[in-house]
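Source file data14.txt; content: compact mmCIF, C-alpha atoms and all ligand atoms.
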```txt
# COMPACT_ATOMS: atom_id res chain seq x y z
CA MET D 2 17.49 1.43 -16.81
CA SER D 3 18.28 2.27 -13.20
CA ILE D 4 17.26 5.21 -11.08
CA GLU D 5 19.38 6.49 -8.22
CA ILE D 6 17.76 5.85 -4.85
CA PRO D 7 18.74 7.96 -1.83
CA LYS D 8 19.42 6.40 1.59
CA THR D 9 16.93 8.64 3.39
CA GLN D 10 13.67 10.34 2.50
CA LYS D 11 10.97 12.68 3.80
CA ALA D 12 7.91 11.22 5.53
CA ILE D 13 5.00 12.42 7.62
CA VAL D 14 4.99 10.39 10.82
CA PHE D 15 2.44 10.48 13.64
CA GLU D 16 3.48 9.85 17.23
CA GLY D 17 0.69 7.65 18.53
CA PHE D 18 -3.05 8.04 17.95
CA ASN D 19 -4.16 11.69 18.06
CA GLY D 20 -0.55 12.69 18.81
CA PRO D 21 1.80 15.12 17.04
CA ILE D 22 2.32 14.66 13.29
CA ASN D 23 5.82 15.59 12.13
CA LEU D 24 7.84 15.81 8.95
CA GLN D 25 10.84 13.51 9.46
CA GLU D 26 13.88 12.25 7.55
CA ILE D 27 13.74 8.44 7.69
CA PRO D 28 15.46 5.57 5.85
CA VAL D 29 14.18 4.55 2.42
CA PRO D 30 12.61 1.09 2.96
CA GLU D 31 14.21 -2.16 1.80
CA ILE D 32 12.05 -4.34 -0.44
CA GLN D 33 11.13 -8.02 -0.16
CA PRO D 34 11.52 -10.35 -3.22
CA ASN D 35 7.79 -9.93 -4.07
CA GLU D 36 7.83 -6.12 -3.77
CA ILE D 37 8.52 -3.04 -5.85
CA LEU D 38 9.86 0.24 -4.52
CA VAL D 39 7.69 3.13 -5.69
CA ASN D 40 8.89 6.73 -5.60
CA ILE D 41 5.62 8.34 -4.55
CA LYS D 42 5.14 11.68 -6.30
CA TYR D 43 1.63 12.42 -5.02
CA SER D 44 -0.74 10.91 -2.48
CA GLY D 45 -4.39 11.68 -1.86
CA ILE D 46 -5.53 12.25 1.73
CA CYS D 47 -8.55 10.07 2.52
CA HIS D 48 -10.93 10.42 5.46
CA SER D 49 -9.86 6.86 6.37
CA ASP D 50 -6.36 8.27 7.09
CA LEU D 51 -7.91 10.68 9.57
CA SER D 52 -9.94 7.85 11.13
CA THR D 53 -6.78 5.71 11.40
CA TYR D 54 -5.04 8.60 13.17
CA HIS D 55 -8.06 8.83 15.50
CA ALA D 56 -7.63 5.11 16.36
CA ALA D 57 -10.87 4.05 14.65
CA TRP D 58 -9.59 0.63 13.60
CA GLY D 59 -7.99 -0.35 16.95
CA SER D 60 -5.28 -3.02 16.84
CA LEU D 61 -5.41 -3.30 13.02
CA THR D 62 -3.25 -0.17 12.89
CA LYS D 63 0.42 -1.10 13.01
CA THR D 64 2.10 1.85 11.27
CA LYS D 65 2.76 5.51 11.96
CA ILE D 66 2.91 6.43 8.26
CA LEU D 67 -0.56 6.89 6.79
CA GLY D 68 -1.70 7.15 3.16
CA HIS D 69 -3.11 4.75 0.56
CA GLU D 70 -3.72 6.85 -2.57
CA GLY D 71 -0.14 6.95 -3.84
CA ALA D 72 0.91 7.61 -7.43
CA GLY D 73 4.52 7.38 -8.48
CA VAL D 74 7.32 5.72 -10.40
CA VAL D 75 8.82 2.24 -9.94
CA VAL D 76 12.49 2.60 -8.97
CA LYS D 77 13.45 -0.92 -7.83
CA LEU D 78 12.20 -4.46 -8.40
CA GLY D 79 12.30 -7.39 -5.94
CA SER D 80 14.04 -10.53 -7.20
CA ASN D 81 10.75 -12.42 -7.80
CA VAL D 82 8.89 -9.54 -9.49
CA THR D 83 7.58 -9.94 -13.03
CA GLY D 84 5.37 -7.63 -15.07
CA TRP D 85 6.97 -4.36 -13.92
CA LYS D 86 9.96 -2.41 -15.15
CA ILE D 87 11.91 0.50 -13.72
CA GLY D 88 10.26 3.78 -14.73
CA ASP D 89 6.70 2.40 -14.92
CA TYR D 90 3.97 4.48 -13.32
CA ALA D 91 2.49 2.62 -10.33
CA GLY D 92 -0.47 3.19 -8.02
CA VAL D 93 -0.26 2.23 -4.36
CA LYS D 94 -3.77 1.56 -3.09
CA LEU D 95 -5.21 0.47 0.27
CA ILE D 96 -4.56 -3.21 -0.39
CA ASP D 97 -0.86 -3.92 -0.03
CA SER D 98 -0.96 -7.71 -0.20
CA THR D 99 -3.30 -10.69 0.02
CA CYS D 100 -2.57 -14.43 0.38
CA SER D 101 -3.68 -15.47 -3.16
CA GLN D 102 -4.62 -18.91 -1.74
CA CYS D 103 -7.83 -18.46 0.28
CA GLU D 104 -11.35 -18.95 -1.08
CA HIS D 105 -11.82 -15.19 -1.62
CA CYS D 106 -8.48 -14.69 -3.37
CA GLN D 107 -9.19 -17.69 -5.61
CA GLN D 108 -12.52 -16.06 -6.53
CA ALA D 109 -10.72 -12.78 -7.33
CA ASN D 110 -12.51 -11.08 -4.44
CA GLU D 111 -9.30 -10.44 -2.55
CA VAL D 112 -10.73 -7.58 -0.48
CA LEU D 113 -12.14 -10.35 1.77
CA CYS D 114 -8.80 -12.16 2.25
CA PRO D 115 -8.32 -12.88 5.99
CA LYS D 116 -4.57 -12.27 5.59
CA ILE D 117 -4.99 -8.89 3.87
CA SER D 118 -2.33 -6.28 4.57
CA LEU D 119 -3.28 -2.61 4.13
CA ASN D 120 -1.01 0.25 3.09
CA GLY D 121 -1.14 3.06 5.64
CA ILE D 122 -2.77 0.81 8.26
CA SER D 123 -0.91 -2.47 8.64
CA THR D 124 2.19 -1.34 6.73
CA ASP D 125 3.85 2.04 6.07
CA GLY D 126 1.72 4.06 3.68
CA THR D 127 2.13 6.71 1.01
CA PHE D 128 2.78 9.87 3.07
CA GLN D 129 6.46 9.31 2.32
CA GLN D 130 8.63 9.55 -0.78
CA TYR D 131 9.36 5.82 -1.17
CA VAL D 132 7.00 2.91 -0.47
CA ALA D 133 7.72 -0.83 -0.61
CA THR D 134 4.58 -2.62 -1.80
CA ASP D 135 3.55 -6.00 -3.18
CA ALA D 136 4.04 -6.04 -6.95
CA PHE D 137 0.95 -8.19 -7.57
CA ASN D 138 -1.48 -5.76 -5.93
CA ALA D 139 0.10 -2.49 -7.04
CA ALA D 140 -1.88 -0.85 -9.85
CA HIS D 141 -0.42 -0.36 -13.32
CA LEU D 142 -0.99 3.26 -14.43
CA PRO D 143 -0.82 4.39 -18.06
CA SER D 144 2.16 6.67 -18.77
CA SER D 145 -0.30 9.29 -20.08
CA VAL D 146 -1.93 10.03 -16.70
CA ASP D 147 -1.33 13.09 -14.54
CA LEU D 148 0.16 11.57 -11.37
CA SER D 149 -1.27 14.33 -9.16
CA LYS D 150 -4.82 13.55 -10.28
CA VAL D 151 -4.72 9.77 -10.47
CA GLY D 152 -3.79 9.28 -6.78
CA PRO D 153 -7.37 9.72 -5.49
CA ILE D 154 -8.64 7.19 -8.03
CA LEU D 155 -6.72 4.49 -6.12
CA CYS D 156 -9.03 4.64 -3.10
CA ALA D 157 -11.79 7.25 -3.49
CA GLY D 158 -12.32 6.50 -7.19
CA VAL D 159 -12.29 2.74 -7.11
CA THR D 160 -14.40 2.65 -3.94
CA ALA D 161 -17.03 4.95 -5.46
CA TYR D 162 -17.03 2.98 -8.71
CA LYS D 163 -17.30 -0.37 -6.91
CA GLY D 164 -20.13 0.98 -4.75
CA LEU D 165 -22.06 1.97 -7.87
CA LYS D 166 -21.52 -1.47 -9.42
CA THR D 167 -22.62 -3.06 -6.14
CA SER D 168 -25.87 -1.05 -6.24
CA ASN D 169 -26.90 -2.66 -9.57
CA ALA D 170 -28.46 0.68 -10.57
CA LYS D 171 -29.25 0.80 -14.28
CA PRO D 172 -28.90 3.64 -16.81
CA ASN D 173 -31.43 6.43 -16.34
CA GLU D 174 -32.18 5.37 -12.75
CA TRP D 175 -31.66 7.77 -9.85
CA VAL D 176 -28.74 7.42 -7.51
CA ALA D 177 -28.37 9.51 -4.35
CA ILE D 178 -24.73 10.29 -3.54
CA VAL D 179 -24.72 11.07 0.18
CA GLY D 180 -21.58 13.10 0.94
CA ALA D 181 -21.37 14.40 -2.64
CA GLY D 182 -18.95 17.25 -1.89
CA GLY D 183 -16.22 15.15 -0.29
CA GLY D 184 -13.46 13.02 -1.82
CA LEU D 185 -15.41 9.86 -2.57
CA GLY D 186 -18.60 11.79 -3.37
CA SER D 187 -16.96 14.05 -5.97
CA LEU D 188 -15.75 10.99 -7.87
CA ALA D 189 -18.94 8.97 -7.29
CA ILE D 190 -20.97 11.69 -9.07
CA GLN D 191 -18.81 11.36 -12.17
CA TYR D 192 -18.56 7.56 -12.23
CA ALA D 193 -22.35 7.50 -11.88
CA LYS D 194 -22.75 9.87 -14.85
CA SER D 195 -20.31 7.77 -16.89
CA MET D 196 -22.62 4.80 -16.22
CA GLY D 197 -25.67 6.71 -17.49
CA LEU D 198 -27.24 7.26 -14.05
CA ARG D 199 -29.13 10.33 -12.85
CA VAL D 200 -27.53 11.85 -9.76
CA ILE D 201 -28.86 13.64 -6.69
CA GLY D 202 -25.94 14.91 -4.66
CA ILE D 203 -26.55 15.43 -0.95
CA ASP D 204 -24.15 17.44 1.22
CA GLY D 205 -24.00 20.73 3.13
CA GLY D 206 -22.99 24.26 2.10
CA GLU D 207 -22.69 26.46 -0.97
CA ASP D 208 -19.18 25.29 -1.93
CA LYS D 209 -20.19 21.63 -1.93
CA ALA D 210 -23.38 22.41 -3.87
CA LYS D 211 -21.38 24.29 -6.51
CA SER D 212 -18.80 21.53 -6.78
CA ALA D 213 -21.41 18.75 -7.07
CA LYS D 214 -23.26 20.62 -9.82
CA ASN D 215 -20.01 21.38 -11.67
CA LEU D 216 -19.07 17.71 -11.58
CA GLY D 217 -22.39 16.72 -13.13
CA ALA D 218 -25.00 16.20 -10.39
CA ASP D 219 -28.48 16.66 -11.88
CA GLU D 220 -29.87 17.80 -8.54
CA PHE D 221 -28.45 18.83 -5.18
CA ILE D 222 -30.00 18.78 -1.72
CA ASP D 223 -28.32 20.80 1.02
CA PHE D 224 -28.93 18.82 4.19
CA THR D 225 -28.21 21.91 6.30
CA LYS D 226 -31.09 23.77 4.62
CA SER D 227 -33.61 21.07 3.72
CA GLU D 228 -36.45 20.61 6.18
CA ASP D 229 -36.90 16.98 5.17
CA VAL D 230 -34.18 15.35 3.03
CA ALA D 231 -36.18 12.12 2.57
CA LYS D 232 -39.24 14.03 1.32
CA ASP D 233 -37.09 16.05 -1.10
CA VAL D 234 -35.43 12.94 -2.53
CA ILE D 235 -38.76 11.14 -2.96
CA GLU D 236 -40.27 14.19 -4.68
CA ILE D 237 -37.36 14.74 -7.09
CA THR D 238 -37.15 11.06 -8.02
CA ASN D 239 -40.88 10.48 -8.10
CA GLY D 240 -40.74 7.63 -5.60
CA GLY D 241 -37.25 7.37 -4.12
CA ALA D 242 -33.67 6.84 -5.28
CA HIS D 243 -33.04 3.49 -6.94
CA ALA D 244 -29.70 3.41 -5.17
CA CYS D 245 -28.17 5.33 -2.27
CA ILE D 246 -24.37 5.50 -2.19
CA ASN D 247 -23.41 6.45 1.36
CA VAL D 248 -20.04 8.16 1.27
CA SER D 249 -20.61 10.54 4.15
CA THR D 250 -19.12 10.17 7.61
CA SER D 251 -22.51 10.78 9.23
CA GLU D 252 -24.37 7.94 10.95
CA LYS D 253 -27.59 9.98 10.74
CA ALA D 254 -27.26 10.48 7.00
CA ILE D 255 -26.71 6.77 6.44
CA GLN D 256 -29.74 5.92 8.60
CA GLN D 257 -31.84 8.44 6.69
CA SER D 258 -30.98 6.93 3.30
CA VAL D 259 -32.95 3.78 4.14
CA SER D 260 -36.09 5.92 4.33
CA TYR D 261 -35.82 7.41 0.82
CA VAL D 262 -34.55 4.45 -1.14
CA ARG D 263 -37.08 3.39 -3.75
CA PRO D 264 -38.99 0.12 -3.27
CA ASN D 265 -36.76 -2.68 -4.60
CA GLY D 266 -33.80 -0.28 -4.31
CA THR D 267 -30.37 -0.72 -2.77
CA VAL D 268 -28.64 1.14 0.03
CA VAL D 269 -24.86 0.83 -0.28
CA LEU D 270 -22.78 1.35 2.86
CA ILE D 271 -19.30 2.78 2.22
CA GLY D 272 -18.68 5.67 4.67
CA LEU D 273 -17.36 4.56 8.03
CA PRO D 274 -18.45 6.79 10.92
CA PRO D 275 -16.63 5.26 13.92
CA ASN D 276 -18.67 2.86 16.11
CA ALA D 277 -21.85 3.51 14.11
CA SER D 278 -24.79 1.22 13.35
CA ILE D 279 -27.98 1.46 11.34
CA ASN D 280 -31.36 0.66 12.73
CA VAL D 281 -33.81 -0.59 10.11
CA ASN D 282 -37.52 -1.02 10.58
CA ILE D 283 -38.03 -4.63 9.48
CA LEU D 284 -41.63 -4.21 8.32
CA MET D 285 -40.61 -1.24 6.12
CA ALA D 286 -37.57 -3.12 4.76
CA VAL D 287 -39.68 -6.17 3.94
CA LEU D 288 -42.60 -4.31 2.36
CA LYS D 289 -40.20 -2.16 0.28
CA GLN D 290 -37.92 -5.12 -0.50
CA VAL D 291 -34.90 -3.01 0.36
CA THR D 292 -31.37 -4.37 -0.10
CA ILE D 293 -28.61 -3.08 2.19
CA LYS D 294 -25.08 -3.94 1.11
CA GLY D 295 -21.61 -3.12 2.38
CA SER D 296 -18.93 -2.24 -0.18
CA TYR D 297 -15.21 -2.24 0.61
CA VAL D 298 -12.70 -0.57 -1.75
CA GLY D 299 -12.44 -2.73 -4.91
CA THR D 300 -10.60 -5.66 -6.40
CA ARG D 301 -7.62 -5.47 -8.77
CA TRP D 302 -10.05 -5.62 -11.68
CA ASP D 303 -12.34 -2.90 -10.25
CA THR D 304 -9.19 -0.78 -9.91
CA THR D 305 -8.14 -1.44 -13.50
CA GLU D 306 -11.61 -0.40 -14.70
CA ALA D 307 -11.72 2.72 -12.50
CA ILE D 308 -8.27 3.80 -13.77
CA ASP D 309 -9.29 3.13 -17.37
CA ILE D 310 -12.41 5.31 -17.07
CA PHE D 311 -10.25 8.06 -15.52
CA ALA D 312 -7.52 7.70 -18.17
CA ARG D 313 -10.12 8.07 -20.93
CA GLY D 314 -10.86 11.55 -19.59
CA LEU D 315 -14.30 10.83 -18.12
CA ILE D 316 -13.37 11.74 -14.54
CA ASN D 317 -12.12 15.12 -13.39
CA CYS D 318 -10.34 14.71 -10.09
CA PRO D 319 -10.97 17.98 -8.18
CA ILE D 320 -7.71 18.27 -6.27
CA THR D 321 -5.95 20.81 -4.08
CA VAL D 322 -2.20 20.10 -3.92
CA VAL D 323 -0.30 20.73 -0.66
CA GLY D 324 3.16 19.90 0.77
CA LEU D 325 3.82 16.97 3.13
CA SER D 326 4.01 19.23 6.18
CA GLU D 327 0.44 20.43 5.49
CA VAL D 328 -1.12 17.05 6.40
CA PRO D 329 -2.05 18.13 9.99
CA ASN D 330 -3.84 21.24 8.60
CA VAL D 331 -5.71 19.11 6.06
CA PHE D 332 -6.81 16.77 8.86
CA LYS D 333 -8.16 19.79 10.74
CA LEU D 334 -10.17 20.95 7.72
CA MET D 335 -11.44 17.39 7.26
CA GLU D 336 -12.57 17.18 10.88
CA GLU D 337 -14.60 20.36 10.27
CA ASN D 338 -16.08 18.93 7.03
CA LYS D 339 -14.64 21.90 5.13
CA ILE D 340 -12.95 19.91 2.38
CA VAL D 341 -14.40 20.11 -1.11
CA GLY D 342 -13.05 17.38 -3.41
CA ARG D 343 -9.68 15.86 -2.49
CA TYR D 344 -6.47 17.22 -1.00
CA VAL D 345 -3.33 15.67 -2.45
CA VAL D 346 0.18 15.74 -0.99
CA ASP D 347 3.13 16.57 -3.28
CA THR D 348 5.89 14.54 -1.60
CA SER D 349 8.65 16.73 -3.02
CA LYS D 350 7.47 19.68 -0.90
O1 LIG K 401 -13.99 0.86 1.24
C1 LIG K 401 -14.65 1.68 1.87
N1 LIG K 401 -15.85 1.39 2.34
C2 LIG K 401 -14.10 3.05 2.04
C3 LIG K 401 -13.02 3.49 1.27
C4 LIG K 401 -12.58 4.80 1.42
C5 LIG K 401 -13.17 5.62 2.35
C6 LIG K 401 -14.65 3.90 3.00
N2 LIG K 401 -14.17 5.14 3.12
C7 LIG K 401 -14.86 6.01 4.09
C8 LIG K 401 -14.00 6.97 4.87
O2 LIG K 401 -13.37 6.33 5.98
C9 LIG K 401 -15.07 7.95 5.30
O3 LIG K 401 -15.80 7.42 6.42
O4 LIG K 401 -15.74 6.83 3.35
C10 LIG K 401 -16.01 8.01 4.10
C11 LIG K 401 -15.85 9.23 3.21
O5 LIG K 401 -14.48 9.43 2.90
P1 LIG K 401 -14.00 10.80 2.18
O6 LIG K 401 -14.77 11.01 0.95
O7 LIG K 401 -12.52 10.73 2.12
O8 LIG K 401 -14.46 11.88 3.29
P2 LIG K 401 -14.75 13.45 3.13
O9 LIG K 401 -13.98 14.01 1.98
O10 LIG K 401 -14.54 14.03 4.48
O11 LIG K 401 -16.30 13.51 2.73
C12 LIG K 401 -17.36 13.25 3.62
C13 LIG K 401 -18.51 14.15 3.22
O12 LIG K 401 -19.69 13.78 3.98
C14 LIG K 401 -20.44 14.98 4.15
C15 LIG K 401 -19.34 15.99 4.51
O13 LIG K 401 -19.82 17.34 4.40
C16 LIG K 401 -18.26 15.63 3.51
O14 LIG K 401 -18.36 16.39 2.32
N3 LIG K 401 -21.54 14.83 5.11
C17 LIG K 401 -21.60 14.82 6.45
I1 LIG K 401 -20.09 14.77 7.69
N4 LIG K 401 -22.85 14.73 6.95
C18 LIG K 401 -23.63 14.65 5.86
C19 LIG K 401 -25.04 14.53 5.71
N5 LIG K 401 -25.85 14.49 6.77
C20 LIG K 401 -22.82 14.71 4.70
N6 LIG K 401 -23.35 14.62 3.46
C21 LIG K 401 -24.70 14.48 3.37
N7 LIG K 401 -25.54 14.42 4.45
ZN ZN K 402 -9.25 5.72 1.43
```
When written as structure tokens, how does the structure in this file appear?
Amino acid sequence: MSIEIPKTQKAIVFEGFNGPINLQEIPVPEIQPNEILVNIKYSGICHSDLSTYHAAWGSLTKTKILGHEGAGVVVKLGSNVTGWKIGDYAGVKLIDSTCSQCEHCQQANEVLCPKISLNGISTDGTFQQYVATDAFNAAHLPSSVDLSKVGPILCAGVTAYKGLKTSNAKPNEWVAIVGAGGGLGSLAIQYAKSMGLRVIGIDGGEDKAKSAKNLGADEFIDFTKSEDVAKDVIEITNGGAHACINVSTSEKAIQQSVSYVRPNGTVVLIGLPPNASINVNILMAVLKQVTIKGSYVGTRWDTTEAIDIFARGLINCPITVVGLSEVPNVFKLMEENKIVGRYVVDTSK
């Protein structure tokens, strides 16, 4: 089977950090022997794309094409590629390639590989119609999935799922999802429910409250209305959340979560407010035996699991589909924290 590949394609390209973002006609990329060419049908828009555009990761950023939640169809195979065929559904996630040789790769914890290459940061990402990506790290997607809805699973979904696994929270325990109305938060609520956890969603505004409840949150705290979020969490959970999954972009919210985590509980750091830090009172952390852990996307296996849970119908991806040229408007809404769920680009528009 072969699929006709055009010479040029549509892409959203930004002209330098914080500069204009334009729809352009650019060449379809060539592939290396280890790569597949994926015709991206849909791509989620992650807050990390906005942070990349705002220069949050400094010299790590080497591309002007963002995006790392791509879902599409394999149209070409590099000469060394095995395990893929033309027409397969493929997911293009944040991790483009890793060295496969270092200590972390050998332990199947490739997110820590010092030679990691990232789609939409170190290489051209998924806000274009065709992406060249490493065949080993691309995610196999079942042919039954809706490509528009699976895109966000490839970053938001797997990151939320990995964060929950990292927390070691057990069924029936309380987990606070901080940033519950956003992209990662909307999926974190549902992965948490699929794991038998009880969820308190925390975010601001009626729309986010409604969305969090619809997606299964047992309780919701509106941080714009609550007089004391920590007190509310401790009251609802009768002693504090067993785990706090920080998927907001607010340094203050992350800081606050340390104060309402239950003794022996775990605070998971996922959201990346630029240049932020947390300040922890050591006496409190010691007496409460608090664990604070970072969690960074997920491995190939975490991705396989997150896709499987989605494909079994346990996760409803709350998406709004827009055309490629709408990316600048979506960034504006994101900057104003007005996005509920996930916006997804349809690359054909
Ligand atoms: O691997 C990783 N660690 C990883 C992977 C993917 C994304 C990290 N991230 C990071 C992103 O770079 C970003 O910093 O996770 C963060 C969340 O990404 P997102 O879900 O794509 O962002 P969003 O859709 O804008 O959602 C953020 C939510 O936080 C809420 C906002 O209202 C929004 O709904 N929020 C804010 I701002 N302040 C809050 C507060 N005080 C709050 N929610 C609760 N309390
Ligand atoms: Zn992301």
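CA of Ala177 in chain D is positioned 19.9 Å from CA of Ser278 in chain D.
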Polymer residues at most 12 Å from Phe15 in chain D, all atoms listed in the file, same-chain spacing of 4 or more positions, as number ranges by chain = D: 19-25, 50-51, 53-56, 63-68, 121, 125-126, 128, 326, 328-329
So which residues are near ligand LIG 401 (chain K), meaning at most 8 Å away with only C-alpha atoms and all ligand atoms counted, given back as a PyMOL selection string?
-> chain D and resi 46-52+156-157+160-161+179-187+203-206+209+223-225+247-255+270-275+295-299+335-336+338-343
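In this structure, CA of Pro172 in chain D sits 17.7 Å away from CA of Ile316 in chain D.
If all atoms listed in the file are the atoms counted, then among D:Val234, D:Leu95, D:Val200, D:Cys114 the closest residue to ligand ZN 402 (chain K) is D:Leu95.
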Can you give me N, CA, C and O atoms for range 226-244 of chain D, written as a PDB file, keeping the file's coordinate frame?
```pdb
ATOM      1  N   LYS D 226     -29.970  22.851   4.898  1.00  0.00           N
ATOM      2  CA  LYS D 226     -31.090  23.770   4.620  1.00  0.00           C
ATOM      3  C   LYS D 226     -32.413  23.038   4.461  1.00  0.00           C
ATOM      4  O   LYS D 226     -33.473  23.598   4.739  1.00  0.00           O
ATOM      5  N   SER D 227     -32.374  21.795   3.990  1.00  0.00           N
ATOM      6  CA  SER D 227     -33.610  21.070   3.720  1.00  0.00           C
ATOM      7  C   SER D 227     -34.362  20.775   5.013  1.00  0.00           C
ATOM      8  O   SER D 227     -33.747  20.396   6.015  1.00  0.00           O
ATOM      9  N   GLU D 228     -35.672  20.933   4.979  1.00  0.00           N
ATOM     10  CA  GLU D 228     -36.450  20.610   6.180  1.00  0.00           C
ATOM     11  C   GLU D 228     -36.658  19.108   6.293  1.00  0.00           C
ATOM     12  O   GLU D 228     -36.853  18.567   7.372  1.00  0.00           O
ATOM     13  N   ASP D 229     -36.663  18.426   5.144  1.00  0.00           N
ATOM     14  CA  ASP D 229     -36.900  16.980   5.170  1.00  0.00           C
ATOM     15  C   ASP D 229     -36.206  16.369   3.936  1.00  0.00           C
ATOM     16  O   ASP D 229     -36.761  16.365   2.835  1.00  0.00           O
ATOM     17  N   VAL D 230     -34.988  15.881   4.147  1.00  0.00           N
ATOM     18  CA  VAL D 230     -34.180  15.350   3.030  1.00  0.00           C
ATOM     19  C   VAL D 230     -34.920  14.197   2.348  1.00  0.00           C
ATOM     20  O   VAL D 230     -34.990  14.117   1.113  1.00  0.00           O
ATOM     21  N   ALA D 231     -35.497  13.304   3.147  1.00  0.00           N
ATOM     22  CA  ALA D 231     -36.180  12.120   2.570  1.00  0.00           C
ATOM     23  C   ALA D 231     -37.314  12.569   1.656  1.00  0.00           C
ATOM     24  O   ALA D 231     -37.465  12.061   0.530  1.00  0.00           O
ATOM     25  N   LYS D 232     -38.106  13.535   2.124  1.00  0.00           N
ATOM     26  CA  LYS D 232     -39.240  14.030   1.320  1.00  0.00           C
ATOM     27  C   LYS D 232     -38.730  14.638   0.018  1.00  0.00           C
ATOM     28  O   LYS D 232     -39.284  14.378  -1.067  1.00  0.00           O
ATOM     29  N   ASP D 233     -37.647  15.412   0.107  1.00  0.00           N
ATOM     30  CA  ASP D 233     -37.090  16.050  -1.100  1.00  0.00           C
ATOM     31  C   ASP D 233     -36.620  15.000  -2.101  1.00  0.00           C
ATOM     32  O   ASP D 233     -36.872  15.114  -3.306  1.00  0.00           O
ATOM     33  N   VAL D 234     -35.929  13.969  -1.609  1.00  0.00           N
ATOM     34  CA  VAL D 234     -35.430  12.940  -2.530  1.00  0.00           C
ATOM     35  C   VAL D 234     -36.607  12.234  -3.199  1.00  0.00           C
ATOM     36  O   VAL D 234     -36.620  12.023  -4.431  1.00  0.00           O
ATOM     37  N   ILE D 235     -37.607  11.888  -2.411  1.00  0.00           N
ATOM     38  CA  ILE D 235     -38.760  11.140  -2.960  1.00  0.00           C
ATOM     39  C   ILE D 235     -39.498  11.991  -4.001  1.00  0.00           C
ATOM     40  O   ILE D 235     -39.900  11.501  -5.056  1.00  0.00           O
ATOM     41  N   GLU D 236     -39.589  13.295  -3.726  1.00  0.00           N
ATOM     42  CA  GLU D 236     -40.270  14.190  -4.680  1.00  0.00           C
ATOM     43  C   GLU D 236     -39.483  14.289  -6.001  1.00  0.00           C
ATOM     44  O   GLU D 236     -40.032  14.108  -7.086  1.00  0.00           O
ATOM     45  N   ILE D 237     -38.189  14.565  -5.880  1.00  0.00           N
ATOM     46  CA  ILE D 237     -37.360  14.740  -7.090  1.00  0.00           C
ATOM     47  C   ILE D 237     -37.355  13.483  -7.945  1.00  0.00           C
ATOM     48  O   ILE D 237     -37.399  13.536  -9.169  1.00  0.00           O
ATOM     49  N   THR D 238     -37.311  12.329  -7.293  1.00  0.00           N
ATOM     50  CA  THR D 238     -37.150  11.060  -8.020  1.00  0.00           C
ATOM     51  C   THR D 238     -38.482  10.387  -8.314  1.00  0.00           C
ATOM     52  O   THR D 238     -38.503   9.286  -8.870  1.00  0.00           O
ATOM     53  N   ASN D 239     -39.545  11.037  -7.888  1.00  0.00           N
ATOM     54  CA  ASN D 239     -40.880  10.480  -8.100  1.00  0.00           C
ATOM     55  C   ASN D 239     -40.987   9.053  -7.525  1.00  0.00           C
ATOM     56  O   ASN D 239     -41.397   8.125  -8.221  1.00  0.00           O
ATOM     57  N   GLY D 240     -40.564   8.931  -6.264  1.00  0.00           N
ATOM     58  CA  GLY D 240     -40.740   7.630  -5.600  1.00  0.00           C
ATOM     59  C   GLY D 240     -39.551   7.111  -4.839  1.00  0.00           C
ATOM     60  O   GLY D 240     -39.642   6.062  -4.200  1.00  0.00           O
ATOM     61  N   GLY D 241     -38.438   7.819  -4.884  1.00  0.00           N
ATOM     62  CA  GLY D 241     -37.250   7.370  -4.120  1.00  0.00           C
ATOM     63  C   GLY D 241     -36.088   7.049  -5.044  1.00  0.00           C
ATOM     64  O   GLY D 241     -36.277   6.721  -6.216  1.00  0.00           O
ATOM     65  N   ALA D 242     -34.873   7.128  -4.485  1.00  0.00           N
ATOM     66  CA  ALA D 242     -33.670   6.840  -5.280  1.00  0.00           C
ATOM     67  C   ALA D 242     -33.541   5.327  -5.461  1.00  0.00           C
ATOM     68  O   ALA D 242     -33.710   4.566  -4.518  1.00  0.00           O
ATOM     69  N   HIS D 243     -33.230   4.920  -6.696  1.00  0.00           N
ATOM     70  CA  HIS D 243     -33.040   3.490  -6.940  1.00  0.00           C
ATOM     71  C   HIS D 243     -31.844   2.943  -6.167  1.00  0.00           C
ATOM     72  O   HIS D 243     -31.828   1.773  -5.788  1.00  0.00           O
ATOM     73  N   ALA D 244     -30.865   3.818  -5.955  1.00  0.00           N
ATOM     74  CA  ALA D 244     -29.700   3.410  -5.170  1.00  0.00           C
ATOM     75  C   ALA D 244     -29.229   4.592  -4.328  1.00  0.00           C
ATOM     76  O   ALA D 244     -29.327   5.750  -4.752  1.00  0.00           O
TER      77      ALA D 244
END
```
